[in-house]
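start-v9.csv (CSV, C-alpha atoms) appears below.
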```csv
chain,number,residue,atom,x,y,z
A,111,MET,CA,81.4,83.8,125.2
A,112,SER,CA,82.2,85.1,121.7
A,113,SER,CA,80.8,88.4,120.5
A,114,ASN,CA,78.4,86.8,118.1
A,115,TRP,CA,76.9,84.2,120.5
A,116,ALA,CA,73.3,85.2,119.6
A,117,TYR,CA,73.9,84.6,115.9
A,118,ASN,CA,75.4,81.2,116.8
A,119,LEU,CA,72.3,80.2,118.7
A,120,ASP,CA,70.1,81.4,115.8
A,121,MET,CA,72.1,79.2,113.5
A,122,LEU,CA,71.6,76.2,115.8
A,123,ALA,CA,67.8,76.9,115.6
A,124,GLN,CA,67.9,77.3,111.8
A,125,ASN,CA,69.7,73.9,111.4
A,126,GLY,CA,67.3,72.1,113.8
A,127,VAL,CA,69.6,71.5,116.7
A,128,ILE,CA,67.4,73.5,119.1
A,129,ASP,CA,63.7,74.3,118.6
A,130,PHE,CA,63.5,77.8,120.2
A,131,ASP,CA,65.1,81.2,120.3
A,132,GLY,CA,68.2,80.5,122.3
A,133,ALA,CA,69.3,84.1,122.7
A,134,SER,CA,66.0,85.3,124.2
A,135,PHE,CA,66.0,82.3,126.5
A,136,VAL,CA,69.5,83.2,127.8
A,137,THR,CA,68.7,86.9,128.2
A,138,GLY,CA,65.2,86.2,129.6
A,139,GLN,CA,63.4,88.2,127.0
A,140,LYS,CA,60.3,87.6,124.8
A,141,PRO,CA,61.2,85.1,122.0
A,142,ARG,CA,61.6,86.4,118.5
A,143,TYR,CA,60.5,83.2,116.9
A,144,ILE,CA,59.3,79.6,117.8
A,145,GLY,CA,60.4,76.5,116.1
A,146,ARG,CA,62.8,76.3,113.2
A,147,PRO,CA,63.0,79.6,111.3
A,148,SER,CA,63.9,79.7,107.7
A,149,MET,CA,66.0,82.8,108.2
A,150,PRO,CA,66.6,84.0,111.7
A,151,PRO,CA,66.6,87.8,112.3
A,152,SER,CA,69.9,89.4,112.7
A,153,PRO,CA,71.0,89.9,116.3
A,154,TYR,CA,72.4,93.2,115.2
A,155,VAL,CA,69.0,94.8,114.4
A,156,GLY,CA,67.1,96.3,117.3
A,157,PRO,CA,68.3,96.8,120.9
A,158,PRO,CA,71.5,95.0,121.8
A,159,TYR,CA,71.2,91.8,123.8
A,160,PRO,CA,72.0,92.2,126.7
A,161,PRO,CA,71.9,96.0,127.1
A,162,THR,CA,75.3,97.6,127.5
A,163,PRO,CA,75.9,99.2,130.8
A,164,ALA,CA,76.5,103.0,131.0
A,165,VAL,CA,80.2,103.6,131.4
A,166,ASN,CA,81.3,106.6,133.4
A,167,GLN,CA,83.5,108.5,130.9
A,168,PRO,CA,85.5,111.5,131.9
A,169,GLN,CA,84.5,114.9,130.4
A,170,ILE,CA,88.1,115.9,129.5
A,171,ASP,CA,91.2,113.9,128.6
A,172,GLU,CA,93.2,113.8,131.8
A,173,PHE,CA,95.2,111.5,134.0
A,174,GLN,CA,93.5,110.8,137.3
A,175,LYS,CA,95.8,109.3,139.9
A,176,GLN,CA,94.3,106.7,142.1
A,177,LYS,CA,94.0,107.7,145.7
A,178,ASN,CA,96.2,105.9,148.1
A,179,LYS,CA,93.9,103.7,150.3
A,180,LEU,CA,96.8,102.9,152.7
A,181,PRO,CA,96.9,104.6,156.1
A,182,LYS,CA,98.1,108.2,156.0
A,183,MET,CA,101.8,108.7,155.8
A,184,GLU,CA,103.7,111.5,157.4
A,185,GLU,CA,105.2,112.8,154.2
A,186,LYS,CA,103.0,113.2,151.1
A,187,ASP,CA,104.9,112.9,147.8
A,188,ASP,CA,102.8,113.4,144.6
A,189,SER,CA,105.7,112.7,142.1
A,190,MET,CA,105.5,109.5,140.1
A,191,ILE,CA,109.2,108.7,140.3
A,192,ASN,CA,110.9,108.7,143.7
A,193,ASN,CA,114.6,108.5,143.4
A,194,PRO,CA,116.7,108.7,146.6
A,195,SER,CA,119.1,111.6,146.8
A,196,TRP,CA,122.2,109.3,146.8
A,197,LYS,CA,121.2,108.2,143.3
A,198,LYS,CA,120.9,111.7,142.1
A,199,TRP,CA,124.3,112.7,143.6
A,200,LEU,CA,126.0,109.5,142.1
A,201,PHE,CA,124.5,110.2,138.7
A,202,GLY,CA,125.7,113.9,138.9
A,203,ALA,CA,129.3,112.7,139.8
A,204,VAL,CA,129.4,110.1,137.0
A,205,ALA,CA,128.1,112.7,134.5
A,206,LEU,CA,130.6,115.3,135.6
A,207,GLY,CA,133.5,112.8,135.4
A,208,GLY,CA,132.4,111.8,131.9
A,209,LEU,CA,132.3,115.5,130.8
A,210,ILE,CA,135.8,116.1,132.3
A,211,PHE,CA,137.2,112.9,130.6
A,212,ALA,CA,135.6,113.9,127.2
A,213,GLY,CA,137.2,117.4,127.6
A,214,PHE,CA,140.7,115.9,128.1
A,215,LYS,CA,140.3,113.6,125.1
A,216,ALA,CA,139.0,116.5,122.9
A,217,LYS,CA,142.0,118.6,124.0
A,218,SER,CA,144.5,115.9,123.2
A,219,ILE,CA,142.9,115.2,119.8
A,220,TYR,CA,142.9,119.0,119.1
A,221,ASN,CA,146.6,119.2,120.0
A,222,TRP,CA,147.4,116.3,117.7
A,223,VAL,CA,145.5,117.8,114.8
A,224,LYS,CA,147.1,121.2,115.4
A,225,GLY,CA,150.6,119.6,115.4
A,226,PHE,CA,149.9,117.5,112.3
A,227,ILE,CA,148.8,120.6,110.4
A,228,LYS,CA,151.9,122.5,111.4
A,229,LYS,CA,154.4,119.6,110.5
A,230,PRO,CA,152.6,116.9,108.5
A,231,SER,CA,155.9,115.4,107.3
A,232,SER,CA,157.1,114.7,110.8
A,233,LYS,CA,154.2,112.4,111.4
A,234,PHE,CA,155.0,110.1,108.5
A,235,LYS,CA,158.5,108.9,108.0
A,236,PHE,CA,158.2,108.4,104.2
A,237,LYS,CA,161.2,107.7,102.0
A,238,TRP,CA,160.8,106.8,98.3
A,239,SER,CA,163.8,104.5,98.5
A,240,ASP,CA,162.0,102.3,101.0
A,241,VAL,CA,159.1,101.9,98.6
A,242,THR,CA,161.4,101.1,95.6
A,243,ASP,CA,163.4,98.6,97.7
A,244,TYR,CA,160.2,96.9,98.9
A,245,THR,CA,158.7,96.6,95.4
A,246,SER,CA,161.9,95.4,93.8
A,247,LYS,CA,162.2,92.6,96.4
A,248,LYS,CA,158.7,91.6,95.8
A,249,TRP,CA,159.1,91.7,92.1
A,250,LYS,CA,162.3,89.5,92.2
A,251,THR,CA,160.5,87.0,94.4
A,252,PHE,CA,157.5,86.9,92.0
A,253,LYS,CA,159.8,86.6,89.0
A,254,THR,CA,161.7,83.7,90.6
A,255,TYR,CA,158.5,81.9,91.4
A,256,CYS,CA,157.0,82.3,88.0
A,257,GLY,CA,160.3,81.3,86.3
A,258,LYS,CA,160.5,78.0,88.3
A,259,LYS,CA,156.9,77.2,87.4
A,260,TRP,CA,157.4,78.1,83.7
A,261,ASP,CA,160.4,75.8,83.6
A,262,ALA,CA,158.4,73.0,85.2
A,263,ILE,CA,155.6,73.5,82.6
A,264,LYS,CA,158.2,73.5,79.7
A,265,ASP,CA,159.7,70.3,81.1
A,266,TRP,CA,156.3,68.6,81.4
A,267,PHE,CA,155.6,69.4,77.7
A,268,LYS,CA,159.0,68.1,76.6
A,269,THR,CA,158.4,64.7,78.3
A,270,LYS,CA,154.8,64.4,76.9
A,271,ASN,CA,155.7,65.2,73.3
A,272,PRO,CA,154.7,62.2,71.1
A,273,LYS,CA,157.5,60.9,68.9
A,274,PRO,CA,156.9,60.7,65.2
```

Can you give me the file's structure in the form of structure tokens?
Amino acid sequence: MSSNWAYNLDMLAQNGVIDFDGASFVTGQKPRYIGRPSMPPSPYVGPPYPPTPAVNQPQIDEFQKQKNKLPKMEEKDDSMINNPSWKKWLFGAVALGGLIFAGFKAKSIYNWVKGFIKKPSSKFKFKWSDVTDYTSKKWKTFKTYCGKKWDAIKDWFKTKNPKP
């Protein structure tokens, strides 16, 4: 049932669907009204219908582990996570291998940086003549392409010129 079931029954009585106090009939209590009320009383005033049961609340905030109702075991383990020892050894070996691998990588990177700081020009084979040769080749290619297109545009205008 919904949380406002008593109010719903009171609305049924107010609209003439039922002719009695439905909430008191369901809970077995003394009726609040008989017939069709003009304004039913609020179910939120007075004692709650039905009365709420007393809940056993702990005195302090703590975790209480449920007791094992299975037959007693030889070994009692109160930890919540039971990992077998082979998993622990495997994880330790993988972690140690990862640390060793990271150490070798860090050492090789350190050696490369140290070598680059000592002789930076040996890492890059840079010649200014290579740059000028490359740019001059590209410029010539671009100039040839544009020249051909410019000649084609001039020829198109020459053929389209209207004669006087």

> What is the distance, in Å and to one decimal place, between CA of Trp249 (chain A) and CA of Asp265 (chain A)?
Replying inline: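 Atom-to-atom, CA of Trp249 (chain A) to CA of Asp265 (chain A), that is 24.1 Å.
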
>> Just to confirm, what's the straight-line distance from CA of Thr137 (chain A) to CA of Asn125 (chain A) in Å (one decimal)?
In response: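 Those two atoms sit 21.3 Å apart.
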
>> For a test of reading the model, state the distance in Å between CA of Ala133 (chain A) and CA of Tyr117 (chain A), rounded to one decimal.
In response: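 It comes out at 8.2 Å.
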